[in-house]
file target16.pdb (PDB, C-alpha atoms, pLDDT in the B column)
ATOM      1  CA  MET A  18      80.162  -5.799  62.420  1.00 78.00           C
ATOM      2  CA  VAL A  19      78.379  -2.791  60.926  1.00 81.00           C
ATOM      3  CA  PHE A  20      75.550  -3.426  58.423  1.00 80.00           C
ATOM      4  CA  GLY A  21      76.828  -6.996  58.126  1.00 81.00           C
ATOM      5  CA  VAL A  22      80.344  -5.877  57.128  1.00 84.00           C
ATOM      6  CA  GLU A  23      83.529  -6.155  59.162  1.00 82.00           C
ATOM      7  CA  TYR A  24      84.278  -2.887  60.984  1.00 82.00           C
ATOM      8  CA  GLN A  25      87.683  -2.217  59.344  1.00 83.00           C
ATOM      9  CA  VAL A  26      86.278  -2.734  55.849  1.00 84.00           C
ATOM     10  CA  PHE A  27      83.248  -0.594  56.690  1.00 86.00           C
ATOM     11  CA  LYS A  28      85.511   2.300  57.714  1.00 88.00           C
ATOM     12  CA  ILE A  29      87.243   2.145  54.312  1.00 88.00           C
ATOM     13  CA  TRP A  30      83.861   2.005  52.566  1.00 87.00           C
ATOM     14  CA  LEU A  31      82.589   4.992  54.563  1.00 89.00           C
ATOM     15  CA  ALA A  32      85.728   7.013  53.762  1.00 91.00           C
ATOM     16  CA  LEU A  33      85.301   6.311  50.024  1.00 91.00           C
ATOM     17  CA  LEU A  34      81.618   7.220  50.176  1.00 89.00           C
ATOM     18  CA  THR A  35      82.487  10.514  51.880  1.00 90.00           C
ATOM     19  CA  ILE A  36      85.124  11.291  49.238  1.00 90.00           C
ATOM     20  CA  PHE A  37      82.647  10.631  46.418  1.00 88.00           C
ATOM     21  CA  ILE A  38      79.863  12.705  47.999  1.00 88.00           C
ATOM     22  CA  VAL A  39      82.201  15.625  48.763  1.00 89.00           C
ATOM     23  CA  GLY A  40      83.528  15.374  45.202  1.00 87.00           C
ATOM     24  CA  ALA A  41      79.979  15.508  43.837  1.00 87.00           C
ATOM     25  CA  ILE A  42      79.221  18.570  45.958  1.00 87.00           C
ATOM     26  CA  ASP A  43      82.491  20.198  44.885  1.00 86.00           C
ATOM     27  CA  ILE A  44      81.819  19.794  41.158  1.00 86.00           C
ATOM     28  CA  ARG A  45      78.088  20.459  41.647  1.00 86.00           C
ATOM     29  CA  SER A  46      76.989  17.347  39.807  1.00 85.00           C
ATOM     30  CA  LEU A  47      73.872  15.495  40.865  1.00 85.00           C
ATOM     31  CA  VAL A  48      74.547  12.805  38.258  1.00 88.00           C
ATOM     32  CA  PHE A  49      78.023  12.031  39.673  1.00 87.00           C
ATOM     33  CA  GLY A  50      76.621  12.050  43.217  1.00 85.00           C
ATOM     34  CA  GLY A  51      73.776   9.723  42.305  1.00 87.00           C
ATOM     35  CA  VAL A  52      75.963   7.304  40.361  1.00 90.00           C
ATOM     36  CA  SER A  53      78.592   7.226  43.107  1.00 89.00           C
ATOM     37  CA  LEU A  54      75.928   6.683  45.770  1.00 88.00           C
ATOM     38  CA  LEU A  55      74.363   3.811  43.815  1.00 91.00           C
ATOM     39  CA  GLY A  56      77.801   2.342  43.130  1.00 91.00           C
ATOM     40  CA  MET A  57      78.777   2.462  46.782  1.00 89.00           C
ATOM     41  CA  VAL A  58      75.482   0.841  47.815  1.00 91.00           C
ATOM     42  CA  GLY A  59      76.328  -1.928  45.350  1.00 92.00           C
ATOM     43  CA  VAL A  60      79.779  -2.282  46.919  1.00 91.00           C
ATOM     44  CA  LEU A  61      78.185  -2.464  50.377  1.00 89.00           C
ATOM     45  CA  ILE A  62      75.864  -5.247  49.208  1.00 90.00           C
ATOM     46  CA  PHE A  63      78.863  -7.079  47.711  1.00 89.00           C
ATOM     47  CA  LEU A  64      80.811  -6.745  50.988  1.00 86.00           C
ATOM     48  CA  ARG A  65      77.815  -8.032  52.947  1.00 87.00           C
ATOM     49  CA  GLU A  66      77.629 -11.086  50.710  1.00 86.00           C
ATOM     50  CA  LEU A  67      81.350 -11.734  51.247  1.00 82.00           C
ATOM     51  CA  SER A  68      81.063 -11.666  55.013  1.00 81.00           C
ATOM     52  CA  LYS A  69      77.673 -13.406  55.219  1.00 82.00           C
ATOM     53  CA  ASP A  70      79.132 -16.903  55.586  1.00 80.00           C
ATOM     54  CA  ASP A  71      82.228 -15.967  57.573  1.00 79.00           C
ATOM     55  CA  ALA A  72      82.843 -12.746  59.482  1.00 77.00           C
ATOM     56  CA  CYS A  73      86.636 -13.176  59.363  1.00 80.00           C
ATOM     57  CA  THR A  74      86.986 -13.488  55.586  1.00 80.00           C
ATOM     58  CA  ARG A  75      89.363 -10.511  55.323  1.00 79.00           C
ATOM     59  CA  GLN A  76      91.640 -11.781  58.094  1.00 81.00           C
ATOM     60  CA  LYS A  77      91.787 -15.242  56.546  1.00 80.00           C
ATOM     61  CA  TYR A  78      92.564 -13.814  53.116  1.00 79.00           C
ATOM     62  CA  LEU A  79      95.370 -11.623  54.509  1.00 79.00           C
ATOM     63  CA  ARG A  80      96.846 -14.591  56.381  1.00 77.00           C
ATOM     64  CA  TYR A  81      96.724 -16.651  53.178  1.00 75.00           C
ATOM     65  CA  TRP A  82      98.211 -13.766  51.177  1.00 75.00           C
ATOM     66  CA  HIS A  83     101.182 -13.469  53.558  1.00 69.00           C
ATOM     67  CA  GLN A  84     101.919 -17.174  53.159  1.00 66.00           C
ATOM     68  CA  SER A  85     102.524 -16.555  49.432  1.00 63.00           C
ATOM     69  CA  ASN A  86     101.514 -19.198  46.899  1.00 64.00           C
ATOM     70  CA  VAL A  87     101.566 -22.140  49.297  1.00 63.00           C
ATOM     71  CA  TYR A  88      98.753 -22.651  51.765  1.00 61.00           C
ATOM     72  CA  GLU A  89      99.390 -24.863  54.744  1.00 63.00           C
ATOM     73  CA  PRO A  90      96.896 -24.908  57.628  1.00 70.00           C
ATOM     74  CA  TRP A  91      99.563 -24.848  60.365  1.00 69.00           C
ATOM     75  CA  PRO A  92     101.796 -21.938  61.436  1.00 65.00           C
ATOM     76  CA  GLN A  93     104.851 -21.231  59.313  1.00 57.00           C
ATOM     77  CA  VAL A  94     108.268 -20.835  60.921  1.00 59.00           C
ATOM     78  CA  ARG A  95     110.858 -19.190  58.714  1.00 57.00           C
ATOM     79  CA  GLN A  96     114.343 -20.554  59.242  1.00 55.00           C
ATOM     80  CA  GLU A  97     117.350 -19.147  57.443  1.00 57.00           C
ATOM     81  CA  GLY A  98     120.524 -21.109  57.066  1.00 54.00           C
ATOM     82  CA  ILE A  99     124.149 -20.008  56.737  1.00 55.00           C
ATOM     83  CA  SER A 100     123.709 -19.271  53.045  1.00 56.00           C
ATOM     84  CA  GLY A 101     120.696 -17.025  53.732  1.00 58.00           C
ATOM     85  CA  GLN A 102     118.274 -19.400  52.036  1.00 61.00           C
ATOM     86  CA  ILE A 103     114.935 -20.027  53.631  1.00 60.00           C
ATOM     87  CA  HIS A 104     114.512 -23.624  54.830  1.00 60.00           C
ATOM     88  CA  PRO A 105     117.887 -24.948  53.608  1.00 59.00           C
ATOM     89  CA  ARG A 106     118.513 -28.685  53.473  1.00 60.00           C
ATOM     90  CA  PRO A 107     120.353 -29.986  56.527  1.00 62.00           C
ATOM     91  CA  LEU A 108     123.943 -31.197  56.230  1.00 61.00           C
ATOM     92  CA  GLY A 109     124.149 -34.722  54.879  1.00 62.00           C
ATOM     93  CA  PHE A 110     121.023 -34.411  52.719  1.00 63.00           C
ATOM     94  CA  GLY A 111     122.681 -33.478  49.448  1.00 61.00           C
ATOM     95  CA  ARG A 112     124.017 -30.178  50.674  1.00 56.00           C
ATOM     96  CA  ASN A 113     127.673 -29.280  50.026  1.00 57.00           C
ATOM     97  CA  ARG A 114     128.378 -32.681  48.468  1.00 57.00           C
ATOM     98  CA  LEU A 115     129.770 -33.743  45.141  1.00 57.00           C
ATOM     99  CA  VAL A 116     127.871 -36.514  43.412  1.00 51.00           C
TER     100      VAL A 116
END
call {"tool": "encode", "arguments": {"input": "target16.pdb", "output": "structure tokens"}}
result
Amino acid sequence: MVFGVEYQVFKIWLALLTIFIVGAIDIRSLVFGGVSLLGMVGVLIFLRELSKDDACTRQKYLRYWHQSNVYEPWPQVRQEGISGQIHPRPLGFGRNRLV
């Protein structure tokens, strides 16, 4: 944790801050530099609030995101059947049968 933010997220924040400051120096604009600095401080405060309750918020969100639209609290095992479908019905449970 750096400044109350997860280290990986802080590195991204620091890289963006550097890009904005170098951009402000390159175009010689104090207004752009000041606005970008204030904006990035606001983003840092927002990131601190996100990770205040739980330091692993980003990891949990990425794990949830990879599980798609269905959240289940246990590990997912992907099984592909002969037809290439994920989690196909086993034989005898309505598969390959005429009604």
call {"tool": "resolve_selection", "arguments": {"input": "target16.pdb", "expression": "the PyMOL selection byres ((chain A and resi 75) around 12)", "output": "list in words"}}
result
Val22, Glu23, Tyr24, Gln25, Val26, Phe27, Leu64, Leu67, Ser68, Asp71, Ala72, Cys73, Thr74, Gln76, Lys77, Tyr78, Leu79, Arg80, Tyr81 and Trp82 of chain A
call {"tool": "atom_distance", "arguments": {"input": "target16.pdb", "atom1": "CA of Val58 in chain A", "atom2": "CA of Phe37 in chain A"}}
result
12.2 Å
call {"tool": "residues_around", "arguments": {"input": "target16.pdb", "residues": "Ile38 in chain A", "least_positions_apart": "4", "cutoff": "7 Å", "atoms": "all atoms listed in the file", "output": "short mmCIF file (atom, residue, chain, number, x, y, z; two decimals) with C-alpha atoms, in the coordinates of the input"}}
result
data_model
loop_
_atom_site.label_atom_id
_atom_site.label_comp_id
_atom_site.auth_asym_id
_atom_site.auth_seq_id
_atom_site.Cartn_x
_atom_site.Cartn_y
_atom_site.Cartn_z
CA LEU A 34 81.62 7.22 50.18
CA ILE A 42 79.22 18.57 45.96
CA GLY A 50 76.62 12.05 43.22
#
call {"tool": "closest_residue", "arguments": {"input": "target16.pdb", "among": "A:Ile29, A:Leu47, A:Ala41, A:Ile36", "to": "Leu61 in chain A", "atoms": "all atoms listed in the file"}}
result
A:Ile29
call {"tool": "atom_distance", "arguments": {"input": "target16.pdb", "atom1": "CA of Phe49 in chain A", "atom2": "CA of Met18 in chain A"}}
result
29.0 Å
call {"tool": "atom_distance", "arguments": {"input": "target16.pdb", "atom1": "CA of Met57 in chain A", "atom2": "CA of Trp30 in chain A"}}
result
7.7 Å
call {"tool": "axis_aligned_box", "arguments": {"input": "target16.pdb", "around": "range 68-84 of chain A", "padding_each_side": "6 Å", "output": "AutoDock Vina command-line options"}}
result
--center_x 89.8 --center_y -13.8 --center_z 55.3 --size_x 36.2 --size_y 18.7 --size_z 20.3
